[in-house]
Each structure stands twice: as structure tokens, then as C-alpha cells.
$ cat query_11.txt   # compact mmCIF, C-alpha atoms
# COMPACT_ATOMS: atom_id res chain seq x y z
CA MET A 1 -14.82 -3.33 -16.88
CA GLN A 2 -17.52 -2.48 -14.40
CA ASP A 3 -16.44 -1.85 -10.80
CA VAL A 4 -17.34 -4.54 -8.32
CA ASN A 5 -17.13 -3.87 -4.60
CA VAL A 6 -16.73 -6.69 -2.12
CA LEU A 7 -17.02 -6.21 1.62
CA VAL A 8 -15.30 -8.81 3.80
CA VAL A 9 -16.49 -8.80 7.40
CA PHE A 10 -14.97 -11.18 9.91
CA CYS A 11 -14.80 -12.16 13.57
CA SER A 12 -11.44 -13.37 14.76
CA ARG A 13 -10.08 -14.01 18.21
CA THR A 14 -6.92 -15.97 17.47
CA GLY A 15 -6.15 -14.59 14.00
CA THR A 16 -7.12 -17.79 12.16
CA THR A 17 -10.31 -16.37 10.64
CA GLU A 18 -8.45 -13.13 9.94
CA LYS A 19 -6.09 -15.12 7.69
CA LEU A 20 -9.04 -16.60 5.83
CA ALA A 21 -10.68 -13.19 5.51
CA LEU A 22 -7.46 -11.82 4.02
CA ALA A 23 -7.36 -14.74 1.61
CA ALA A 24 -10.98 -14.14 0.60
CA ALA A 25 -10.14 -10.49 0.02
CA VAL A 26 -7.17 -11.45 -2.13
CA GLY A 27 -9.42 -13.74 -4.17
CA ALA A 28 -11.83 -10.86 -4.73
CA VAL A 29 -8.94 -8.58 -5.73
CA GLN A 30 -7.73 -11.25 -8.16
CA ALA A 31 -11.18 -11.03 -9.75
CA ARG A 32 -10.54 -7.27 -10.06
CA ALA A 33 -12.93 -6.25 -7.32
CA ASN A 34 -12.45 -3.34 -4.92
CA ILE A 35 -12.39 -4.61 -1.38
CA ARG A 36 -12.99 -3.40 2.15
CA LEU A 37 -11.97 -5.51 5.15
CA ARG A 38 -13.85 -4.97 8.39
CA TRP A 39 -13.45 -6.66 11.75
CA LEU A 40 -16.31 -7.17 14.15
CA PRO A 41 -15.08 -6.03 17.57
CA GLU A 42 -15.04 -8.70 20.25
CA ALA A 43 -18.15 -8.87 22.39
CA ALA A 44 -16.39 -10.93 25.09
CA ASP A 45 -15.42 -9.25 28.37
CA ASP A 46 -11.84 -8.61 29.50
CA GLY A 47 -11.92 -11.56 31.90
CA THR A 48 -12.63 -13.97 29.05
CA MET A 49 -10.04 -12.37 26.80
CA GLU A 50 -7.36 -12.55 29.47
CA GLY A 51 -8.14 -16.23 30.06
CA VAL A 52 -6.18 -17.45 27.05
CA PRO A 53 -2.70 -16.17 26.20
CA GLY A 54 -2.68 -14.14 23.00
CA TRP A 55 -6.39 -13.30 22.80
CA LYS A 56 -6.12 -9.89 24.44
CA GLU A 57 -3.05 -8.99 22.36
CA ASN A 58 -4.83 -10.06 19.18
CA ARG A 59 -7.82 -7.94 20.08
CA GLU A 60 -5.64 -4.90 20.71
CA ARG A 61 -3.86 -5.43 17.42
CA MET A 62 -7.04 -5.87 15.41
CA GLU A 63 -8.63 -2.84 17.08
CA LYS A 64 -5.69 -0.89 15.70
CA GLU A 65 -5.57 -2.45 12.25
CA TYR A 66 -9.25 -2.60 11.34
CA ILE A 67 -12.34 -0.54 11.68
CA ALA A 68 -15.76 -2.01 12.40
CA PRO A 69 -18.23 -2.41 9.53
CA ARG A 70 -20.40 0.65 8.93
CA ALA A 71 -23.71 1.04 7.12
CA VAL A 72 -21.93 2.81 4.25
CA ASP A 73 -19.74 -0.27 3.75
CA ALA A 74 -22.74 -2.54 3.30
CA GLU A 75 -24.35 -0.01 0.96
CA TRP A 76 -21.09 0.35 -1.01
CA ALA A 77 -20.72 -3.41 -1.47
CA HIS A 78 -22.14 -5.43 -4.34
CA ALA A 79 -21.35 -8.56 -2.37
CA ILE A 80 -20.64 -9.27 1.26
CA ILE A 81 -18.48 -12.10 2.54
CA ILE A 82 -18.68 -12.96 6.20
CA GLY A 83 -16.07 -15.04 7.97
CA ALA A 84 -16.48 -16.45 11.42
CA HIS A 85 -15.83 -19.51 13.50
CA GLY A 86 -19.14 -20.65 14.93
CA ALA A 87 -21.64 -17.92 15.73
CA PRO A 88 -20.23 -15.52 18.32
CA PRO A 89 -22.57 -12.81 19.68
CA GLU A 90 -20.92 -10.05 17.67
CA LEU A 91 -21.74 -11.97 14.49
CA LYS A 92 -25.37 -12.44 15.52
CA ALA A 93 -25.58 -8.72 16.27
CA TYR A 94 -24.10 -7.87 12.88
CA LEU A 95 -26.46 -10.18 11.02
CA GLY A 96 -29.37 -8.59 12.87
CA TRP A 97 -28.09 -5.18 11.88
CA LEU A 98 -27.73 -6.24 8.24
CA ASP A 99 -31.28 -7.54 8.41
CA ALA A 100 -32.45 -4.11 9.58
CA LEU A 101 -30.61 -2.49 6.64
CA ARG A 102 -32.26 -4.97 4.31
CA SER A 103 -35.69 -4.14 5.66
CA GLU A 104 -34.95 -0.51 4.79
CA GLY A 105 -34.21 -1.61 1.24
CA LYS A 106 -30.54 -0.72 1.52
CA LEU A 107 -29.29 -4.16 0.54
CA ASP A 108 -31.41 -4.49 -2.57
CA SER A 109 -29.59 -5.82 -5.60
CA LYS A 110 -26.77 -7.31 -3.53
CA VAL A 111 -25.42 -10.65 -4.57
CA GLY A 112 -26.16 -11.95 -1.11
CA THR A 113 -23.69 -13.13 1.40
CA ALA A 114 -21.24 -15.98 1.41
CA PHE A 115 -20.17 -17.57 4.61
CA ILE A 116 -16.79 -19.06 5.30
CA ALA A 117 -17.19 -22.00 7.65
CA VAL A 118 -13.97 -21.90 9.57
CA PRO A 119 -12.42 -25.02 11.03
CA SER A 120 -11.12 -24.82 14.56
CA GLY A 121 -7.50 -24.92 13.46
CA ASP A 122 -5.40 -24.16 10.41
CA GLU A 123 -6.94 -26.87 8.30
CA PRO A 124 -4.95 -27.58 5.13
CA GLY A 125 -6.56 -25.95 2.14
CA ALA A 126 -8.67 -23.55 4.23
CA VAL A 127 -6.75 -20.49 3.07
CA GLU A 128 -6.89 -21.60 -0.56
CA ASN A 129 -10.61 -22.32 -0.27
CA ALA A 130 -11.21 -18.87 1.21
CA ARG A 131 -9.32 -17.28 -1.68
CA LEU A 132 -11.37 -19.23 -4.21
CA GLU A 133 -14.55 -18.25 -2.38
CA GLY A 134 -13.57 -14.58 -2.53
CA ARG A 135 -12.91 -14.89 -6.22
CA ARG A 136 -16.15 -16.75 -6.89
CA VAL A 137 -18.21 -14.17 -4.98
CA ALA A 138 -16.60 -11.24 -6.81
CA GLU A 139 -17.19 -12.92 -10.17
CA ALA A 140 -20.80 -13.69 -9.24
CA ALA A 141 -21.28 -10.03 -8.25
CA ARG A 142 -19.89 -8.91 -11.60
CA THR A 143 -22.17 -11.26 -13.53
CA HIS A 144 -25.11 -10.14 -11.41
CA ASN A 145 -24.31 -6.46 -12.00
CA ALA A 146 -23.92 -7.00 -15.73
CA ALA A 147 -27.27 -8.80 -15.85
CA GLY A 148 -28.84 -5.96 -13.87
CA ALA A 149 -27.34 -3.36 -16.19
CA GLU A 150 -28.95 -5.01 -19.22
CA VAL A 151 -32.46 -4.77 -17.82
CA MET B 152 14.44 20.05 -20.59
CA ILE B 153 13.81 20.21 -16.88
CA THR B 154 10.45 20.85 -15.27
CA ILE B 155 10.31 21.60 -11.57
CA ARG B 156 7.50 20.38 -9.34
CA ARG B 157 7.68 22.53 -6.21
CA SER B 158 6.98 21.07 -2.80
CA GLN B 159 4.20 23.52 -2.00
CA GLU B 160 2.43 22.84 -5.31
CA ARG B 161 1.93 19.20 -4.38
CA GLY B 162 -1.39 17.81 -3.23
CA HIS B 163 -1.64 17.87 0.54
CA ALA B 164 -3.84 16.22 3.15
CA ASP B 165 -3.45 16.40 6.90
CA HIS B 166 -5.59 13.79 8.60
CA GLY B 167 -3.97 14.31 11.98
CA TRP B 168 -2.53 10.81 12.16
CA LEU B 169 -1.29 11.16 8.58
CA ASN B 170 0.30 14.24 7.04
CA THR B 171 0.82 13.50 3.36
CA TYR B 172 2.06 15.33 0.26
CA HIS B 173 1.27 13.97 -3.19
CA THR B 174 3.61 14.85 -6.05
CA PHE B 175 1.09 13.19 -8.37
CA SER B 176 -2.66 12.68 -8.16
CA PHE B 177 -3.55 10.33 -5.35
CA ALA B 178 -6.62 9.57 -3.23
CA SER B 179 -8.75 12.71 -2.94
CA TYR B 180 -6.09 14.86 -4.65
CA TYR B 181 -6.75 14.82 -8.36
CA ASP B 182 -5.05 17.03 -10.92
CA PRO B 183 -5.13 15.78 -14.52
CA ALA B 184 -1.93 17.78 -15.18
CA HIS B 185 -0.08 15.70 -12.57
CA MET B 186 -0.99 12.06 -13.10
CA GLY B 187 2.58 10.79 -12.93
CA PHE B 188 5.76 10.90 -14.99
CA ARG B 189 6.46 8.06 -17.43
CA ALA B 190 5.95 4.82 -15.42
CA LEU B 191 6.21 6.70 -12.12
CA ARG B 192 2.59 6.97 -11.05
CA VAL B 193 2.67 7.91 -7.34
CA LEU B 194 5.18 9.70 -5.16
CA ASN B 195 3.86 10.36 -1.68
CA ASP B 196 5.74 12.02 1.14
CA ASP B 197 4.10 10.67 4.28
CA ARG B 198 4.41 11.34 7.98
CA VAL B 199 2.47 8.92 10.19
CA ALA B 200 1.92 9.51 13.89
CA ALA B 201 3.16 7.07 16.53
CA GLY B 202 1.19 3.84 16.66
CA ARG B 203 -0.94 4.73 13.63
CA GLY B 204 -1.00 3.50 10.06
CA PHE B 205 -2.86 2.19 7.06
CA GLY B 206 -5.24 -0.69 7.80
CA ALA B 207 -5.64 -3.68 5.49
CA HIS B 208 -6.22 -2.61 1.90
CA ALA B 209 -5.60 -4.07 -1.53
CA HIS B 210 -3.34 -3.42 -4.48
CA ARG B 211 -2.96 -5.04 -7.86
CA ASP B 212 -0.68 -4.59 -10.84
CA MET B 213 1.61 -2.06 -9.21
CA GLU B 214 5.24 -2.01 -8.07
CA ILE B 215 5.16 -0.29 -4.68
CA LEU B 216 8.40 0.94 -3.12
CA THR B 217 8.75 2.38 0.35
CA TYR B 218 11.78 4.31 1.49
CA VAL B 219 11.86 5.31 5.15
CA LEU B 220 13.67 8.55 6.01
CA GLU B 221 13.06 8.53 9.74
CA GLY B 222 11.43 6.08 12.15
CA SER B 223 10.23 2.60 11.25
CA LEU B 224 7.29 0.82 9.66
CA VAL B 225 5.77 -2.57 10.24
CA HIS B 226 4.37 -4.26 7.16
CA LYS B 227 1.95 -7.19 7.09
CA ASP B 228 0.43 -8.81 4.05
CA SER B 229 -1.70 -11.61 2.69
CA MET B 230 1.45 -13.44 1.55
CA GLY B 231 2.21 -13.99 5.25
CA GLU B 232 5.00 -11.42 5.53
CA LYS B 233 5.31 -9.49 8.75
CA ARG B 234 8.38 -7.27 8.66
CA THR B 235 9.68 -4.15 10.31
CA PHE B 236 12.08 -1.80 8.55
CA GLY B 237 13.58 1.63 8.87
CA PRO B 238 15.99 3.89 6.99
CA ASN B 239 18.63 2.58 4.57
CA THR B 240 16.33 -0.16 3.38
CA VAL B 241 14.30 -0.52 0.23
CA GLN B 242 11.00 -2.24 0.65
CA ALA B 243 9.23 -3.38 -2.51
CA MET B 244 5.88 -5.02 -2.94
CA SER B 245 4.97 -6.30 -6.34
CA ALA B 246 1.19 -6.44 -6.20
CA GLY B 247 0.65 -8.40 -9.43
CA THR B 248 -2.56 -10.45 -9.30
CA GLY B 249 -3.43 -8.90 -5.93
CA VAL B 250 -2.27 -8.45 -2.36
CA VAL B 251 -3.88 -7.17 0.79
CA HIS B 252 -1.56 -5.47 3.23
CA SER B 253 -1.34 -3.11 6.17
CA GLU B 254 1.40 -0.69 7.07
CA PHE B 255 1.79 0.86 10.50
CA ASN B 256 4.26 3.01 12.33
CA ALA B 257 6.27 0.44 14.31
CA SER B 258 6.82 2.91 17.14
CA GLU B 259 4.30 3.83 19.84
CA THR B 260 6.22 7.03 20.63
CA GLU B 261 7.90 8.41 17.50
CA PRO B 262 6.47 9.47 14.13
CA VAL B 263 7.67 7.85 10.91
CA HIS B 264 8.57 9.76 7.74
CA PHE B 265 8.77 7.90 4.45
CA LEU B 266 8.38 8.16 0.71
CA GLN B 267 6.00 5.81 -1.03
CA ILE B 268 6.44 5.22 -4.71
CA TRP B 269 4.19 3.44 -7.18
CA ILE B 270 5.64 2.36 -10.50
CA GLU B 271 3.37 0.91 -13.16
CA PRO B 272 4.59 -2.56 -14.15
CA ALA B 273 5.33 -3.39 -17.77
CA VAL B 274 3.51 -6.69 -17.36
CA GLN B 275 0.31 -7.41 -15.52
CA GLU B 276 -0.98 -10.36 -13.52
CA THR B 277 2.42 -11.37 -12.16
CA GLU B 278 2.82 -13.44 -9.01
CA PRO B 279 2.80 -11.07 -5.99
CA SER B 280 6.08 -10.75 -4.14
CA TYR B 281 7.69 -8.92 -1.25
CA GLN B 282 11.29 -7.76 -0.98
CA GLN B 283 13.11 -5.94 1.75
CA ILE B 284 16.75 -5.09 1.15
CA PRO B 285 18.81 -3.21 3.75
CA PHE B 286 22.06 -1.55 2.78
CA ASP B 287 24.98 0.18 4.42
CA PRO B 288 24.25 3.93 4.58
CA GLY B 289 27.80 4.55 3.33
CA GLU B 290 26.68 3.16 -0.04
CA LYS B 291 24.61 6.26 -0.77
CA LEU B 292 27.15 8.86 0.40
CA GLY B 293 28.53 10.81 -2.55
CA ARG B 294 27.20 8.19 -4.96
CA LEU B 295 24.04 6.50 -6.11
CA ARG B 296 22.78 3.42 -4.34
CA LEU B 297 20.52 1.35 -6.57
CA LEU B 298 17.22 0.68 -4.78
CA ALA B 299 15.17 -0.97 -7.51
CA ALA B 300 15.71 -2.15 -11.07
CA PRO B 301 14.70 -4.88 -13.49
CA LYS B 302 15.65 -8.28 -12.13
CA ALA B 303 18.86 -8.79 -14.12
CA ALA B 304 20.23 -5.41 -13.04
CA ALA B 305 18.98 -5.67 -9.46
CA ASN B 306 21.09 -8.80 -9.06
CA GLY B 307 19.82 -9.46 -5.55
CA GLN B 308 21.34 -6.20 -4.29
CA ALA B 309 18.30 -4.06 -5.13
CA ALA B 310 14.59 -4.77 -5.38
CA ALA B 311 13.63 -6.43 -8.65
CA ILE B 312 10.70 -4.72 -10.33
CA HIS B 313 8.66 -5.52 -13.44
CA GLN B 314 9.52 -2.31 -15.25
CA ASP B 315 12.48 -0.87 -17.14
CA ALA B 316 13.04 1.63 -14.34
CA TYR B 317 16.04 2.28 -12.12
CA VAL B 318 15.57 3.93 -8.74
CA TYR B 319 18.55 5.26 -6.81
CA ALA B 320 19.11 6.99 -3.48
CA GLY B 321 21.96 9.43 -2.96
CA VAL B 322 23.33 11.79 -0.35
CA LEU B 323 25.49 14.75 -1.35
CA GLY B 324 27.23 17.11 1.04
CA PRO B 325 27.33 20.85 0.30
CA GLY B 326 29.22 21.40 -2.95
CA GLU B 327 29.57 17.70 -3.62
CA ILE B 328 28.83 16.91 -7.27
CA LEU B 329 27.60 13.78 -9.01
CA LYS B 330 26.87 13.30 -12.69
CA GLN B 331 24.68 10.55 -14.06
CA THR B 332 24.39 9.79 -17.75
CA LEU B 333 20.89 9.76 -19.14
CA ASN B 334 20.80 7.52 -22.21
CA ALA B 335 19.00 8.61 -25.36
CA GLY B 336 15.26 8.27 -25.00
CA ARG B 337 15.42 7.92 -21.24
CA HIS B 338 13.83 10.29 -18.73
CA ALA B 339 14.69 11.09 -15.15
CA TRP B 340 12.81 12.23 -12.08
CA VAL B 341 14.69 13.66 -9.12
CA GLN B 342 12.93 13.95 -5.77
CA VAL B 343 14.55 15.82 -2.90
CA ALA B 344 13.96 13.89 0.32
CA ARG B 345 15.79 16.41 2.49
CA GLY B 346 18.01 19.46 2.25
CA ASP B 347 18.91 21.46 -0.83
CA LEU B 348 20.01 20.13 -4.17
CA SER B 349 21.02 21.66 -7.48
CA VAL B 350 19.76 19.66 -10.47
CA ASN B 351 21.17 20.64 -13.86
CA GLY B 352 21.75 24.11 -12.42
CA GLN B 353 18.25 24.47 -10.93
CA ALA B 354 17.85 24.94 -7.18
CA LEU B 355 15.60 22.37 -5.49
CA ALA B 356 14.56 22.27 -1.84
CA GLU B 357 13.10 19.50 0.32
CA GLY B 358 9.95 18.07 -1.24
CA ASP B 359 10.69 19.49 -4.69
CA GLY B 360 10.86 17.24 -7.71
CA ALA B 361 12.23 17.65 -11.22
CA ALA B 362 11.25 15.95 -14.47
CA ILE B 363 14.15 15.70 -16.89
CA SER B 364 13.75 14.76 -20.54
CA ALA B 365 15.87 15.12 -23.68
CA GLU B 366 19.06 15.65 -21.70
CA SER B 367 22.20 13.55 -21.86
CA GLU B 368 23.12 13.98 -18.23
CA VAL B 369 21.66 14.61 -14.80
CA SER B 370 24.04 16.83 -12.85
CA LEU B 371 23.44 16.83 -9.11
CA ALA B 372 25.12 19.02 -6.51
CA GLY B 373 24.53 19.23 -2.78
CA ALA B 374 23.56 22.76 -1.76
CA GLY B 375 22.58 24.75 1.32
CA PRO B 376 24.18 24.18 4.71
CA GLN B 377 23.35 20.45 4.84
CA GLY B 378 23.50 19.17 1.31
CA SER B 379 20.76 16.74 0.35
CA GLU B 380 19.35 13.25 0.29
CA PHE B 381 17.41 12.52 -2.87
CA LEU B 382 15.94 9.81 -5.06
CA LEU B 383 16.74 9.54 -8.76
CA PHE B 384 14.49 7.64 -11.16
CA ASP B 385 15.75 6.61 -14.59
CA LEU B 386 12.69 5.80 -16.70
CA THR B 387 11.84 4.86 -20.27
$ encode --input "query_11.txt" --output "C-alpha cells"
Amino acid sequence: MQDVNVLVVFCSRTGTTEKLALAAAVGAVQARANIRLRWLPEAADDGTMEGVPGWKENRERMEKEYIAPRAVDAEWAHAIIIGAHGAPPELKAYLGWLDALRSEGKLDSKVGTAFIAVPSGDEPGAVENARLEGRRVAEAARTHNAAGAEV
Amino acid sequence: MITIRRSQERGHADHGWLNTYHTFSFASYYDPAHMGFRALRVLNDDRVAAGRGFGAHAHRDMEILTYVLEGSLVHKDSMGEKRTFGPNTVQAMSAGTGVVHSEFNASETEPVHFLQIWIEPAVQETEPSYQQIPFDPGEKLGRLRLLAAPKAAANGQAAAIHQDAYVYAGVLGPGEILKQTLNAGRHAWVQVARGDLSVNGQALAEGDGAAISAESEVSLAGAGPQGSEFLLFDLT
């Protein structure tokens, strides 16, 4: 079976979107894809992060557990899944950066990106939906690759 | 027949935060002559610096055992487990259809030393699971403490794995002897975690391993000034 690489990039301040990103990654793995998980570092200043209990600790933890997405990750991926709640500045910056990569032709033949719309809380079914989305994207990437290989 | 795999012949990578020895091919170490032994696919001897670890990554269709020798690890996975464990505990993750997990040194000041073992499952696409089973260290002194086995044999006291494989830990003092029957058609791997060990008359030091086939018995004796702690695998 042909290798399929799925990049999961997410923003997460409270850990809720992180859970969904993990679920999406699991879905992709279930579809036999290779995965990379990348966290977009918080753009918010320390004052903001200290304003709500847990935010700063979460940031410190995620800084330790994840690396930020790199150009090689996007180039490696056949499909990119992005998870975020709303549109924080770090996400806008990342999308702009992806756009620049695309203009250089480095995202050609990608399956395109899926977006997980994240509810504000732990909505029932959100984790399961994220898993299914990860699976669907990986399967779409495989089909797309196979179609490309036949040309 | 016994074939020794010397510590210094193993694959080695020192990333600063991670100092790792690979008994079998793993990551950037690839040697087609050392791809595993029977269902035992990976045996890594890892030292991870304080506060560091392996970020979120995926596994599927693999039985992954971790045995800490010194320090402690914190494990987190997509099944929602977040657990810390240290020595005298077997941790087992059955990856099955797929899991994403991270593993970090639980200490911000001390390194952690552990063995990580991958055993190929006999069946694929199983439901992922996580097990963590602590035991009294006295249970491995002068005898074998079962760490992992098929479910019926594990009986809740050891990690249940989807393979006809039995993994034991043992500690033998200098001159202390232990004999384990190896049934017809079965194979054994012995890995020295620390100290010196004699295996069927062959001298093994820390980090050495031995593949044993077509023998009716595995004879183990603690050697050197300290004796040894070791793992024994009984494989089909």
C-alpha cells in the first residue's frame, strides 16, 4: 500500500482543540497514514495567558510536547488538517505562510486542507467527528495519490 | 544454539537529550542482519535527559512494552491515559488500529533509563489498550517475574499481549542460579539490563543480548560483583 502522510496542525490554549487534533491524527493512523502533529505556538502575550488559570501551564506543556510546523512538514504531507477554535492570530499567520509555500509551488498535488470547526466546549461527538475527519482526509489523500500515480 | 549480541555492536544514537542503543534496527539505524528475533522486533535501551521526551507520535499494530530501570516516565495518549510510572512496573500499550502518544521524563532534574520493547502482534487491527502493572520488587529477586503474556496466562498480574510471547524480569545475585525450561520449538532472548550474567555458560555484560534456539533450557547465573537484572523473552 502506498504511503500517505498527514500533517495535523493545531492551535490550542485550553487543550480542547489538542484533544480533537489527537483524535484526527488517530483517524488518519487508522487509515494507515503516517502522521505528524504540530502545535502553533501561542501569539498571545504573557499578561493574557496569565489572566486565566491553566492557560500558561498548558502553553508551557505544549511547548515541551510539540514542535511548531516547519516547511518540510508541509512538503512531506499529502494532506494537511488544521484544527483551531475561531481564527487566532497564529492561525492567520500560518495560513499566510502556507499560502506563500503554495505560491512557490511547494503544495502542488496536496489533497488540500480540512478544517475542524471546534466548539467552545467539549461538545459530545466532537472527538469522534475529529477522528472520522482524520480518517476521511487520509483516505482521500490515498485515493488522490493513486489517481495521480496512474496518470 | 546461542548467539550473542554484544552491547557495543548495537545501533547507537546520541541526540543529547536522548542516548539510545538499538539491539535491532530502529529509526536511522538499519542493519538487515538485525531486524529482530522471532516476534521481538525492537529492543531499545534509552536514557532521556531531565524534562525531555518523545512528543506525540503514532503507532499501529504493535505491542509496546516499557520497563523503567531508573527514574520515571509520564505517558499520555489519545485514549485519554495520563500516567506516571517508574521501576518495578510493566507498561504495555497495544497499538492495534492506532494510537497517538507522548512519553516524557517525569522528572525535571533526573534522567530516566528504560528499555522499550516492541513485539509484533499475532493479530492486527485490535482495539488499542493501555496497561500499567506495578509489582513488588521482591517478586523478581532470584526468580522470574512475568511482565507480559497472552491474556489467559497474564491473568491480570502481567500485561496481556496479542502474541504467544512471555516476557519476564529477573534479578540474580552473584552465583545465584536459575533454570528455565524452553519447550520444544520455542526460542528465547535474554537481555542484560544491568550487571553481569552467565547464560548457558556464556558471559554477558550490561547491554548484551543472547538469542537461544534449539535448546531445552535457559540457564542463568548472576556473575560479577553485583549479579544482574535481565529480561527473558520466551517466543514462538
$ atom_distance --input "query_11.txt" --atom1 "CA of Gln282 (chain B)" --atom2 "CA of Gln242 (chain B)"
5.8 Å
$ residues_around --input "query_11.txt" --residues "Gly346 (chain B)" --least-positions-apart "3" --cutoff "12 Å" --atoms "all atoms listed in the file" --output "list in words"
Gly321, Val322, Leu323, Gly324, Pro325, Gln342, Val343, Ser349, Ala354, Leu355, Ala356, Glu357, Gly358, Asp359, Ala372, Gly373, Ala374, Gly375, Pro376, Gln377, Gly378, Ser379, Glu380 and Phe381 of chain B
$ interface_residues --input "query_11.txt" --of "chain B" --to "chain A" --cutoff "6 Å" --atoms "all atoms listed in the file" --output "list in words"
Gly206, Ser229, Thr248, Gly249 and Val250 of chain B
$ atom_distance --input "query_11.txt" --atom1 "CA of Ala201 (chain B)" --atom2 "CA of Gln159 (chain B)"
24.8 Å
$ residues_near_point --input "query_11.txt" --point "(-25.8, -4.5, 12.3)" --cutoff "12 Å" --atoms "only C-alpha atoms" --output "ChimeraX atom specification"
/A:9,40,68-74,89-103
$ atom_distance --input "query_11.txt" --atom1 "CA of Ala365 (chain B)" --atom2 "CA of Ala184 (chain B)"
19.9 Å
$ closest_residue --input "query_11.txt" --among "B:Ala311, B:Ala305, B:Met230, B:Met213" --to "Ala190 (chain B)" --atoms "only C-alpha atoms"
B:Met213
$ closest_residue --input "query_11.txt" --among "B:Leu169, B:Ile153, B:His313, B:Thr387" --to "Ser370 (chain B)" --atoms "all atoms listed in the file"
B:Ile153
$ closest_residue --input "query_11.txt" --among "B:Leu382, B:Ala200, B:Ala300, B:Leu224" --to "Asp165 (chain B)" --atoms "all atoms listed in the file"
B:Ala200
$ decode --input "query_11.txt" --residues "region 29-85 of chain A" --atoms "C-alpha atoms" --output "short mmCIF file (atom, residue, chain, number, x, y, z; two decimals), in the first residue's frame"
data_model
loop_
_atom_site.label_atom_id
_atom_site.label_comp_id
_atom_site.auth_asym_id
_atom_site.auth_seq_id
_atom_site.Cartn_x
_atom_site.Cartn_y
_atom_site.Cartn_z
CA VAL A 29 -3.43 6.41 11.56
CA GLN A 30 -6.46 4.09 11.43
CA ALA A 31 -6.49 4.74 7.68
CA ARG A 32 -2.83 3.63 7.71
CA ALA A 33 -1.37 7.07 7.18
CA ASN A 34 1.88 8.36 8.67
CA ILE A 35 1.19 11.37 10.82
CA ARG A 36 2.94 14.42 12.21
CA LEU A 37 1.33 16.55 14.92
CA ARG A 38 2.39 20.18 15.14
CA TRP A 39 1.25 22.90 17.51
CA LEU A 40 1.13 26.55 16.54
CA PRO A 41 2.80 28.47 19.38
CA GLU A 42 0.59 30.98 21.15
CA ALA A 43 0.77 34.51 19.82
CA ALA A 44 -0.84 35.97 22.96
CA ASP A 45 1.34 37.86 25.46
CA ASP A 46 2.14 36.66 28.98
CA GLY A 47 -0.40 39.04 30.52
CA THR A 48 -3.22 37.45 28.54
CA MET A 49 -2.01 33.93 29.27
CA GLU A 50 -1.77 34.61 32.99
CA GLY A 51 -5.30 36.01 33.00
CA VAL A 52 -7.00 32.62 33.03
CA PRO A 53 -5.88 29.78 35.31
CA GLY A 54 -4.38 26.91 33.34
CA TRP A 55 -3.58 28.74 30.10
CA LYS A 56 0.05 29.46 30.95
CA GLU A 57 0.61 25.91 32.23
CA ASN A 58 -0.96 24.49 29.07
CA ARG A 59 1.29 26.63 26.93
CA GLU A 60 4.38 25.50 28.82
CA ARG A 61 3.33 21.89 28.48
CA MET A 62 2.59 22.13 24.77
CA GLU A 63 5.85 23.98 24.13
CA LYS A 64 7.54 20.93 25.60
CA GLU A 65 5.46 18.27 23.90
CA TYR A 66 5.18 19.64 20.38
CA ILE A 67 7.28 21.41 17.85
CA ALA A 68 5.95 24.13 15.57
CA PRO A 69 5.11 23.25 11.96
CA ARG A 70 8.04 23.60 9.56
CA ALA A 71 8.15 23.96 5.79
CA VAL A 72 9.44 20.38 5.49
CA ASP A 73 6.31 19.14 7.28
CA ALA A 74 4.01 20.78 4.76
CA GLU A 75 6.13 19.46 1.90
CA TRP A 76 6.17 15.96 3.44
CA ALA A 77 2.38 15.87 3.82
CA HIS A 78 -0.07 14.62 1.22
CA ALA A 79 -2.84 16.18 3.24
CA ILE A 80 -2.97 18.83 5.93
CA ILE A 81 -5.57 19.01 8.67
CA ILE A 82 -5.83 22.20 10.64
CA GLY A 83 -7.61 22.43 13.96
CA ALA A 84 -8.46 25.65 15.68
CA HIS A 85 -11.15 27.38 17.66
#
